[in-house]
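Listing of data.cif, mmCIF, C-alpha atoms
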```cif
data_my_file
loop_
_atom_site.label_atom_id
_atom_site.label_comp_id
_atom_site.auth_asym_id
_atom_site.auth_seq_id
_atom_site.Cartn_x
_atom_site.Cartn_y
_atom_site.Cartn_z
CA MET A 1 94.49 20.84 176.46
CA ALA A 2 96.24 17.86 175.07
CA ARG A 3 99.15 17.63 177.49
CA LEU A 4 102.09 19.06 175.61
CA ASP A 5 104.44 16.92 177.68
CA ASP A 6 102.67 13.82 176.41
CA ILE A 7 102.93 14.77 172.75
CA PRO A 8 106.15 13.35 171.32
CA GLU A 9 108.64 15.53 169.56
CA PRO A 10 108.77 16.92 166.93
CA THR A 11 104.98 17.19 167.00
CA ARG A 12 105.06 18.90 170.40
CA THR A 13 107.17 21.78 169.16
CA ALA A 14 105.27 21.92 165.87
CA VAL A 15 101.83 22.29 167.46
CA ARG A 16 103.14 24.67 170.12
CA ASP A 17 105.00 26.96 167.75
CA ILE A 18 102.85 26.76 164.63
CA PRO A 19 102.35 30.27 163.24
CA CYS A 20 98.84 31.45 164.04
CA PRO A 21 97.01 34.19 162.18
CA SER A 22 96.41 37.49 163.91
CA PHE A 23 93.24 39.51 163.41
CA GLU A 24 92.31 43.16 163.42
CA THR A 25 88.63 42.51 164.10
CA TRP A 26 86.84 40.32 166.60
CA PRO A 27 83.58 39.21 165.02
CA PHE A 28 81.15 37.57 167.43
CA VAL A 29 77.79 36.51 166.05
CA THR A 30 74.97 35.74 168.45
CA GLY A 31 71.71 33.91 167.90
CA PRO A 32 68.74 32.12 169.45
CA LYS A 33 68.59 29.46 172.16
CA LEU A 34 70.31 26.16 171.45
CA ALA A 35 66.97 24.44 170.85
CA GLU A 36 66.45 26.76 167.90
CA ARG A 37 69.83 26.12 166.33
CA ARG A 38 70.53 24.19 163.15
CA ILE A 39 74.06 22.83 163.62
CA GLY A 40 76.70 22.22 160.97
CA ILE A 41 80.09 20.60 161.54
CA VAL A 42 83.46 21.65 160.15
CA SER A 43 85.99 18.88 160.73
CA SER A 44 89.72 19.28 160.15
CA ALA A 45 90.17 15.51 159.71
CA ALA A 46 90.27 15.60 155.89
CA LEU A 47 87.36 13.18 155.81
CA ILE A 48 86.58 11.23 152.67
CA HIS A 49 83.99 8.66 151.69
CA ARG A 50 85.37 5.19 151.07
CA GLY A 51 86.69 5.09 147.50
CA GLY A 52 87.14 8.86 147.38
CA THR A 53 90.38 10.68 146.66
CA PRO A 54 92.43 11.58 149.75
CA PHE A 55 93.18 15.25 150.40
CA PRO A 56 96.50 16.41 148.92
CA PHE A 57 99.17 17.56 151.35
CA GLY A 58 98.78 21.26 152.09
CA SER A 59 95.40 21.54 150.43
CA GLY A 60 93.29 24.54 151.41
CA GLU A 61 90.15 23.08 149.91
CA ALA A 62 86.95 22.36 151.80
CA ARG A 63 84.89 19.35 150.82
CA ALA A 64 81.24 18.73 151.55
CA VAL A 65 80.30 15.86 153.86
CA PRO A 66 76.67 14.94 153.23
CA GLU A 67 74.78 14.26 156.45
CA ASN A 68 73.58 10.92 155.11
CA TRP A 69 77.03 9.41 154.53
CA ASP A 70 77.07 5.99 156.16
CA VAL A 71 79.42 6.37 159.13
CA ARG A 72 80.90 2.97 158.27
CA ASP A 73 82.34 4.48 155.09
CA ILE A 74 83.86 7.66 156.52
CA LEU A 75 87.68 7.65 156.49
CA THR A 76 90.29 10.23 157.44
CA SER A 77 92.97 11.22 154.95
CA HIS A 78 94.69 13.74 157.23
CA VAL A 79 98.35 13.98 156.37
CA SER A 80 99.72 13.83 159.91
CA ILE A 81 100.90 10.48 161.24
CA ASN A 82 101.45 11.93 164.70
CA PHE A 83 97.96 11.90 166.14
CA ASP A 84 95.90 9.00 167.41
CA ARG A 85 93.84 7.02 164.93
CA ALA A 86 92.74 4.21 167.28
CA GLY A 87 89.78 6.13 168.67
CA PHE A 88 88.48 7.05 165.23
CA GLN A 89 88.93 3.45 164.14
CA ARG A 90 86.46 2.33 166.78
CA ASP A 91 84.04 5.24 166.62
CA VAL A 92 83.68 7.96 164.00
CA ASN A 93 81.99 10.20 166.58
CA VAL A 94 85.22 10.72 168.50
CA ALA A 95 86.28 13.10 165.69
CA TYR A 96 83.07 13.65 163.70
CA PRO A 97 80.15 13.58 166.16
CA ILE A 98 77.36 13.23 163.63
CA GLU A 99 75.45 10.55 165.54
CA ARG A 100 75.55 12.58 168.76
CA LEU A 101 74.07 15.57 166.93
CA ARG A 102 71.33 13.41 165.40
CA GLU A 103 70.40 12.22 168.89
CA MET A 104 70.30 15.79 170.19
CA ALA A 105 68.08 16.85 167.31
CA ALA A 106 65.71 13.94 167.93
CA GLU A 107 65.45 14.97 171.60
CA GLY A 108 64.95 18.65 170.81
CA VAL A 109 68.20 19.74 172.44
CA ILE A 110 69.08 21.34 169.11
CA ALA A 111 66.62 22.16 166.37
CA SER A 112 68.20 20.17 163.56
CA VAL A 113 71.37 18.93 161.90
CA ALA A 114 72.65 20.41 158.65
CA ASP A 115 72.20 18.40 155.47
CA THR A 116 75.75 19.21 154.42
CA HIS A 117 78.80 19.46 156.67
CA PHE A 118 82.38 20.28 155.66
CA THR A 119 85.89 18.99 156.13
CA VAL A 120 89.33 20.50 155.56
CA MET A 121 92.94 19.42 155.95
CA GLY A 122 93.73 20.72 159.38
CA SER A 123 97.45 21.23 158.93
CA SER A 124 97.03 23.56 155.96
CA ASP A 125 97.68 27.28 156.16
CA PRO A 126 94.50 29.21 157.04
CA LYS A 127 95.49 31.86 154.48
CA ASP A 128 94.80 29.22 151.80
CA MET A 129 91.30 28.62 153.14
CA VAL A 130 89.62 31.95 152.41
CA GLU A 131 87.75 30.60 149.39
CA SER A 132 86.84 27.53 151.41
CA ALA A 133 85.40 29.75 154.14
CA ASP A 134 83.32 31.52 151.49
CA ALA A 135 81.97 28.21 150.20
CA ILE A 136 81.24 26.82 153.65
CA ALA A 137 79.47 30.01 154.73
CA ALA A 138 77.40 30.14 151.55
CA SER A 139 76.24 26.56 151.98
CA PHE A 140 75.44 26.94 155.67
CA HIS A 141 73.55 30.21 155.12
CA ALA A 142 71.60 28.64 152.25
CA GLU A 143 70.26 25.85 154.44
CA GLY A 144 69.67 27.94 157.53
CA VAL A 145 72.55 26.81 159.72
CA ASN A 146 72.84 29.14 162.71
CA GLY A 147 75.46 27.30 164.74
CA VAL A 148 78.78 25.90 163.53
CA LEU A 149 80.71 23.29 165.50
CA LEU A 150 84.41 23.31 164.66
CA VAL A 151 86.09 19.98 165.39
CA PRO A 152 89.87 20.00 164.89
CA VAL A 153 91.81 16.77 165.30
CA MET B 1 88.37 29.11 160.36
CA ALA B 2 86.17 30.18 163.30
CA HIS B 3 87.17 33.79 162.74
CA MET B 4 86.48 33.62 159.02
CA LEU B 5 83.05 32.04 159.49
CA GLU B 6 82.06 34.61 162.13
CA GLU B 7 83.12 37.35 159.70
CA ARG B 8 80.67 35.78 157.28
CA GLY B 9 77.83 35.93 159.77
CA LEU B 10 77.91 32.45 161.29
CA PRO B 11 78.14 31.84 165.05
CA THR B 12 80.80 29.25 165.87
CA THR B 13 81.97 27.13 168.76
CA ALA B 14 85.09 24.99 168.73
CA LEU B 15 86.62 22.00 170.48
CA ALA B 16 90.26 22.86 171.06
CA LEU B 17 93.10 20.44 171.76
CA VAL B 18 96.20 22.62 171.88
CA LEU B 19 96.16 25.46 174.40
CA PRO B 20 98.95 27.59 172.87
CA GLN B 21 97.09 27.67 169.56
CA VAL B 22 93.87 28.74 171.28
CA GLU B 23 95.68 31.42 173.24
CA ASN B 24 97.21 32.75 170.03
CA THR B 25 94.16 32.66 167.79
CA ARG B 26 91.55 33.43 170.47
CA PRO B 27 88.51 32.03 168.67
CA PRO B 28 85.07 33.46 169.57
CA ARG B 29 84.00 30.39 171.56
CA ALA B 30 85.99 27.29 172.41
CA VAL B 31 86.14 24.46 174.92
CA ILE B 32 89.72 23.46 175.62
CA THR B 33 89.90 19.73 176.28
CA PRO B 34 92.62 17.55 177.86
CA PHE B 35 92.32 14.80 175.24
CA MET B 36 95.01 13.39 172.97
CA LEU B 37 95.40 14.68 169.45
CA GLY B 38 92.97 12.81 167.20
CA ARG B 39 90.19 12.46 169.81
CA PRO B 40 88.45 15.84 170.10
CA LEU B 41 85.35 14.21 171.64
CA GLY B 42 87.56 12.34 174.09
CA GLU B 43 86.30 8.82 174.44
CA PRO B 44 85.30 6.46 171.62
CA ASN B 45 82.07 4.48 172.02
CA ASP B 46 81.06 6.47 175.09
CA PRO B 47 78.05 8.55 174.02
CA PRO B 48 77.43 10.08 177.50
CA PHE B 49 81.03 11.29 177.72
CA GLN B 50 80.97 12.64 174.16
CA ARG B 51 77.69 14.35 174.89
CA ARG B 52 79.14 16.16 177.91
CA VAL B 53 81.90 17.53 175.70
CA LEU B 54 79.46 18.53 172.99
CA MET B 55 77.00 20.17 175.34
CA GLN B 56 79.67 22.33 176.90
CA ALA B 57 80.72 23.52 173.44
CA LEU B 58 77.21 23.99 172.07
CA ASN B 59 76.02 25.84 175.18
CA LEU B 60 78.61 28.51 174.39
CA LEU B 61 76.51 29.42 171.34
CA GLU B 62 73.94 30.95 173.71
CA ARG B 63 76.52 33.20 175.35
CA THR B 64 76.60 36.84 174.36
CA ASP B 65 79.58 38.01 176.45
CA GLY B 66 82.17 37.77 173.67
CA PRO B 67 84.18 38.46 171.64
CA VAL B 68 86.27 35.62 173.11
CA ILE B 69 84.91 32.93 175.44
CA LEU B 70 87.27 30.10 176.39
CA GLU B 71 86.33 27.32 178.79
CA HIS B 72 88.16 24.21 179.96
CA PHE B 73 86.62 20.73 179.97
CA PRO B 74 87.36 19.37 183.44
CA ASP B 75 87.96 15.64 182.95
CA ASP B 76 90.40 13.31 181.22
CA ASN B 77 88.93 10.71 178.93
CA PRO B 78 89.06 7.29 180.63
CA SER B 79 91.17 5.48 178.04
CA TRP B 80 94.07 7.92 178.08
CA PHE B 81 96.16 5.67 180.31
CA ASP B 82 97.66 2.23 179.61
CA ARG B 83 95.44 -0.71 180.45
CA PRO B 84 97.26 -2.87 183.03
CA GLY B 85 97.79 -6.45 181.96
CA TRP B 86 96.66 -5.89 178.40
CA GLN B 87 97.81 -8.52 175.93
CA PRO B 88 97.37 -8.17 172.15
CA GLY B 89 94.64 -10.38 170.75
CA VAL B 90 96.84 -11.16 167.76
CA SER B 91 99.32 -13.94 168.49
CA LEU B 92 102.48 -13.53 166.42
CA PRO B 93 105.74 -15.49 166.35
CA ALA B 94 108.90 -13.95 167.74
CA LEU B 95 110.06 -11.09 165.56
CA ALA B 96 112.83 -12.02 163.13
CA ILE B 97 113.94 -9.26 160.79
CA PRO B 98 114.08 -10.44 157.14
CA VAL B 99 117.07 -9.68 154.95
CA THR B 100 116.13 -10.21 151.31
CA THR B 101 113.12 -8.78 149.54
CA ALA B 102 111.73 -12.26 149.05
CA GLN B 103 112.02 -12.87 152.80
CA TRP B 104 110.28 -9.57 153.56
CA GLN B 105 107.43 -10.45 151.21
CA ALA B 106 107.01 -13.93 152.64
CA ALA B 107 107.22 -12.74 156.24
CA PHE B 108 104.73 -9.91 155.76
CA ALA B 109 102.31 -12.14 153.86
CA ALA B 110 102.53 -14.79 156.57
CA GLU B 111 101.93 -12.21 159.29
CA LEU B 112 98.99 -10.72 157.42
CA ALA B 113 97.47 -14.18 157.19
CA LEU B 114 97.45 -14.28 160.99
CA VAL B 115 96.17 -10.73 161.41
CA LEU B 116 93.37 -10.73 158.83
CA PRO B 117 91.01 -13.11 160.70
CA VAL B 118 91.37 -10.96 163.82
CA TRP B 119 90.71 -7.83 161.76
CA ASP B 120 87.51 -9.51 160.55
CA ARG B 121 86.46 -9.77 164.19
CA PHE B 122 87.08 -6.05 164.65
CA LYS B 123 84.87 -5.24 161.67
CA ALA B 124 82.13 -7.51 162.95
CA ARG B 125 82.30 -6.01 166.44
CA PHE B 126 82.48 -2.32 165.56
CA GLY B 127 80.68 -2.40 162.21
CA ARG B 128 83.32 -0.39 160.44
CA THR B 129 86.88 -0.16 159.21
CA THR B 130 89.04 2.82 158.36
CA VAL B 131 91.12 0.73 155.96
CA GLY B 132 90.48 1.96 152.45
CA LEU B 133 92.94 4.65 151.40
CA ALA B 134 95.40 2.45 149.50
CA GLY B 135 93.19 1.56 146.56
CA GLN B 136 94.12 -2.11 146.82
CA THR B 137 93.11 -5.08 148.94
CA PRO B 138 95.32 -6.68 151.60
CA GLU B 139 95.99 -9.67 149.39
CA SER B 140 98.22 -7.52 147.17
CA TRP B 141 99.93 -5.54 149.93
CA ALA B 142 102.96 -7.75 150.53
CA ALA B 143 104.09 -7.96 146.90
CA PHE B 144 103.34 -4.29 146.23
CA ALA B 145 105.04 -2.86 149.31
CA THR B 146 108.14 -5.05 149.24
CA SER B 147 108.76 -4.34 145.54
CA PHE B 148 109.87 -0.85 146.61
CA LEU B 149 112.74 -2.48 148.51
CA ASP B 150 114.14 -3.54 145.12
CA GLY B 151 113.72 -0.10 143.62
CA ALA B 152 110.45 -0.70 141.81
CA LEU B 153 108.02 2.24 141.58
CA PRO B 154 104.56 0.74 141.10
CA THR B 155 101.32 2.61 141.58
CA VAL B 156 97.58 1.90 141.57
CA ALA B 157 94.62 3.42 139.78
CA LEU B 158 93.50 5.52 142.79
CA HIS B 159 96.80 7.39 143.13
CA ASP B 160 98.80 9.41 140.63
CA THR B 161 102.28 8.50 141.83
CA PRO B 162 104.15 5.60 143.44
CA ALA B 163 104.91 7.87 146.37
CA LEU B 164 101.23 8.46 147.11
CA ALA B 165 100.38 4.81 146.50
CA LEU B 166 102.93 3.70 149.08
CA ARG B 167 102.10 6.51 151.48
CA PHE B 168 98.42 5.56 151.64
CA LEU B 169 99.26 1.86 151.74
CA ALA B 170 101.33 2.64 154.83
CA ASP B 171 98.26 4.31 156.33
CA ASP B 172 96.13 1.25 155.55
CA ILE B 173 98.67 -1.17 156.99
CA LYS B 174 98.77 0.78 160.25
CA ALA B 175 94.98 1.02 160.31
CA LEU B 176 94.42 -2.69 159.71
CA TYR B 177 96.85 -3.73 162.41
CA GLY B 178 95.56 -1.07 164.79
CA GLU B 179 92.02 -2.26 164.32
CA ALA B 180 92.91 -5.95 164.60
CA VAL B 181 94.64 -5.47 167.93
CA GLN B 182 91.48 -3.78 169.28
CA ALA B 183 89.19 -6.59 168.10
CA ASP B 184 88.61 -8.28 171.44
CA GLY B 185 88.07 -7.22 175.01
CA PRO B 186 88.49 -3.80 176.57
CA PRO B 187 90.54 -1.40 174.46
CA PRO B 188 94.25 -0.84 175.03
CA SER B 189 95.65 2.67 175.16
CA ALA B 190 96.91 4.27 171.97
CA ARG B 191 100.45 3.96 173.31
CA GLN B 192 100.04 0.20 173.85
CA ILE B 193 98.80 -0.23 170.28
CA ASP B 194 101.73 1.74 168.87
CA THR B 195 104.27 -0.14 170.99
CA TRP B 196 102.93 -3.46 169.75
CA PHE B 197 102.89 -2.38 166.11
CA TRP B 198 106.29 -0.70 165.94
CA ARG B 199 108.18 -3.12 168.17
CA ARG B 200 106.51 -6.49 167.64
CA THR B 201 105.32 -6.76 164.04
CA ILE B 202 106.91 -7.43 160.67
CA ALA B 203 104.60 -4.77 159.25
CA GLY B 204 106.05 -2.11 161.51
CA GLN B 205 109.60 -3.15 160.69
CA LEU B 206 108.75 -3.19 156.99
CA LEU B 207 107.55 0.42 157.15
CA ILE B 208 110.78 1.40 158.88
CA ALA B 209 112.75 -0.39 156.13
CA LEU B 210 110.65 1.25 153.42
CA ARG B 211 111.32 4.63 154.99
CA THR B 212 115.06 4.02 154.71
CA VAL B 213 114.77 2.97 151.07
CA ALA B 214 112.47 5.88 150.22
CA MET B 215 114.84 8.42 151.75
CA GLN B 216 117.65 7.09 149.57
CA SER B 217 115.49 7.14 146.44
CA GLU B 218 116.13 9.46 143.51
CA ASN B 219 112.36 9.88 143.31
CA ASN B 220 111.91 13.14 145.21
CA ALA B 221 108.23 12.56 145.98
CA LEU B 222 108.99 9.15 147.44
CA LYS B 223 111.87 10.63 149.42
CA THR B 224 109.59 13.26 150.89
CA VAL B 225 106.66 11.05 151.84
CA GLY B 226 108.95 8.29 153.05
CA GLY B 227 110.78 10.62 155.36
CA ARG B 228 107.70 12.32 156.75
CA PHE B 229 104.69 10.04 156.51
CA PHE B 230 105.64 6.40 157.09
CA VAL B 231 107.01 6.23 160.64
CA PRO B 232 106.21 8.57 163.53
CA THR B 233 109.37 10.04 164.98
CA PRO B 234 109.10 8.33 168.40
CA TRP B 235 109.24 4.94 166.70
CA LEU B 236 112.29 5.50 164.51
CA PRO B 237 115.22 3.18 165.32
CA VAL B 238 117.67 4.77 167.73
#
```
Would you mind writing the file out in structure tokens?
Amino acid sequence: MARLDDIPEPTRTAVRDIPCPSFETWPFVTGPKLAERRIGIVSSAALIHRGGTPFPFGSGEARAVPENWDVRDILTSHVSINFDRAGFQRDVNVAYPIERLREMAAEGVIASVADTHFTVMGSSDPKDMVESADAIAASFHAEGVNGVLLVPV
Amino acid sequence: MAHMLEERGLPTTALALVLPQVENTRPPRAVITPFMLGRPLGEPNDPPFQRRVLMQALNLLERTDGPVILEHFPDDNPSWFDRPGWQPGVSLPALAIPVTTAQWQAAFAAELALVLPVWDRFKARFGRTTVGLAGQTPESWAAFATSFLDGALPTVALHDTPALALRFLADDIKALYGEAVQADGPPPSARQIDTWFWRRTIAGQLLIALRTVAMQSENNALKTVGGRFFVPTPWLPV
């Protein structure tokens, strides 16, 4: 894990004690070998395309991230100022590994990469993201995604 | 989100950065990494390292022994620690804190003039910039930002309110300086970048001053964003 002792306060306490949802069911979906998987990404970095509108604070919305966005124009509008931006400044893949997935698809490690990925504001309450989950699932099912990579920041 | 997507019939695997959250939510499949917040793949510009992280997470998709599979990634990312002997590639004069708004504007504009050519080198080297949230170009930053010190409440077309305009300008200022100081040579640690920005630059001191003004403002939105989103807590004046 990120070393809690290395995370400055008040972020340390906030990430440690943030209320987490509890569940009554434990869904666990299985599928084919990795080489037969079409992979979609869900990033919590509140990604936007250059010139786009940043995510509002507390937003539960999910926005589509087209696979063909030029990585040079992908920005993060995440509300938190308490996590590192320097890595993302140098390399989008450190938080949104789209180029790594493309390489894996070209090599046959995975079957393919989704045409449309998604991004949310990671600090928002999951209870406000139910409609977003519906929209993400509908899009991924429609294009045959059978493996979702969740990438929180 | 993992739970909700699995409920909707999609297999998921997650990269997890905060162990207590993973222990509480118990997602179906997750790789718990030792990386700093903001770097879920660990190491920028290191495709082999990123690929190791990804492969461990994606391989979990083939597992059938759920409903909860949690693994740890074994290694730190190499750039976690401070780089010995690192010196910022941006040469700035000794820090002198301005007093008047006119002095702040002049000092920030003069500093930006030194930083911008170095930032250009960053863009040329890495082929990208994350500056672009403010809705205005760096040439207008000094006059726009320092006007808040006098109580002005300007905004720009991209943002609905002065509070949001200044909040995202603060993000762009930090991004531009953070990129500039990484323009040359091997990268410093995140902590070295922050120390330089918040202790050695007029821009960092200006954001601290703007936070003070914002928190005294009668504009509640500005008060809120100024207090929460300009200056990380570790860098507030003691």
Inset, instruction - Would you mind telling me which residue in B:Ala152, B:Ile69, B:Ala170, B:Ile208 lies nearest to Thr233 of chain B when using only C-alpha atoms? - result: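 Checking each of B:Ala152, B:Ile69, B:Ala170, B:Ile208 against Thr233 of chain B, counting only C-alpha atoms, the winner is B:Ile208.
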Running the PyMOL selection byres ((chain B) within 6 of (chain A)) on this model by hand, what would come out? Give it as a compact mmCIF listing (two decimals) with C-alpha atoms, in the coordinates of the input.
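Dumped to selection.txt:
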```txt
# COMPACT_ATOMS: atom_id res chain seq x y z
CA GLU B 6 82.06 34.61 162.13
CA GLU B 7 83.12 37.35 159.70
CA PRO B 11 78.14 31.84 165.05
CA THR B 12 80.80 29.25 165.87
CA THR B 13 81.97 27.13 168.76
CA ALA B 14 85.09 24.99 168.73
CA LEU B 15 86.62 22.00 170.48
CA LEU B 17 93.10 20.44 171.76
CA VAL B 18 96.20 22.62 171.88
CA LEU B 19 96.16 25.46 174.40
CA PRO B 20 98.95 27.59 172.87
CA ILE B 32 89.72 23.46 175.62
CA THR B 33 89.90 19.73 176.28
CA PRO B 34 92.62 17.55 177.86
CA PHE B 35 92.32 14.80 175.24
CA MET B 36 95.01 13.39 172.97
CA LEU B 37 95.40 14.68 169.45
CA GLY B 38 92.97 12.81 167.20
CA ARG B 39 90.19 12.46 169.81
CA PRO B 40 88.45 15.84 170.10
CA LEU B 41 85.35 14.21 171.64
CA PRO B 44 85.30 6.46 171.62
CA ASN B 45 82.07 4.48 172.02
CA GLU B 62 73.94 30.95 173.71
CA PRO B 67 84.18 38.46 171.64
CA ARG B 128 83.32 -0.39 160.44
CA THR B 130 89.04 2.82 158.36
CA PRO B 232 106.21 8.57 163.53
```
Inset, instruction - Pull out every residue that the PyMOL selection byres ((chain A and resi 119) around 8) matches in the shown coordinates and put them as a list in words. - result: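 With the PyMOL selection byres ((chain A and resi 119) around 8) on this model, the match is Val42, Ser43, Ser44, Ala45, Ala46, Leu47, Ala62, Arg63, Ala64, Val65, His117, Phe118, Val120 and Met121 of chain A.
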Legend entry - Polymer residues at most 12 Å from (108.5, 7.3, 144.2) by all atoms listed in the file, as an NGL selection string: :B and (145 or 147-149 or 151-155 or 159-167 or 210-211 or 213-227)
Inset, instruction - Could you check how far atom CA of Ala107 of chain B sits from atom CA of Ser189 of chain B, in Å to one decimal? - result: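 Distance between the two atoms: 27.0 Å.
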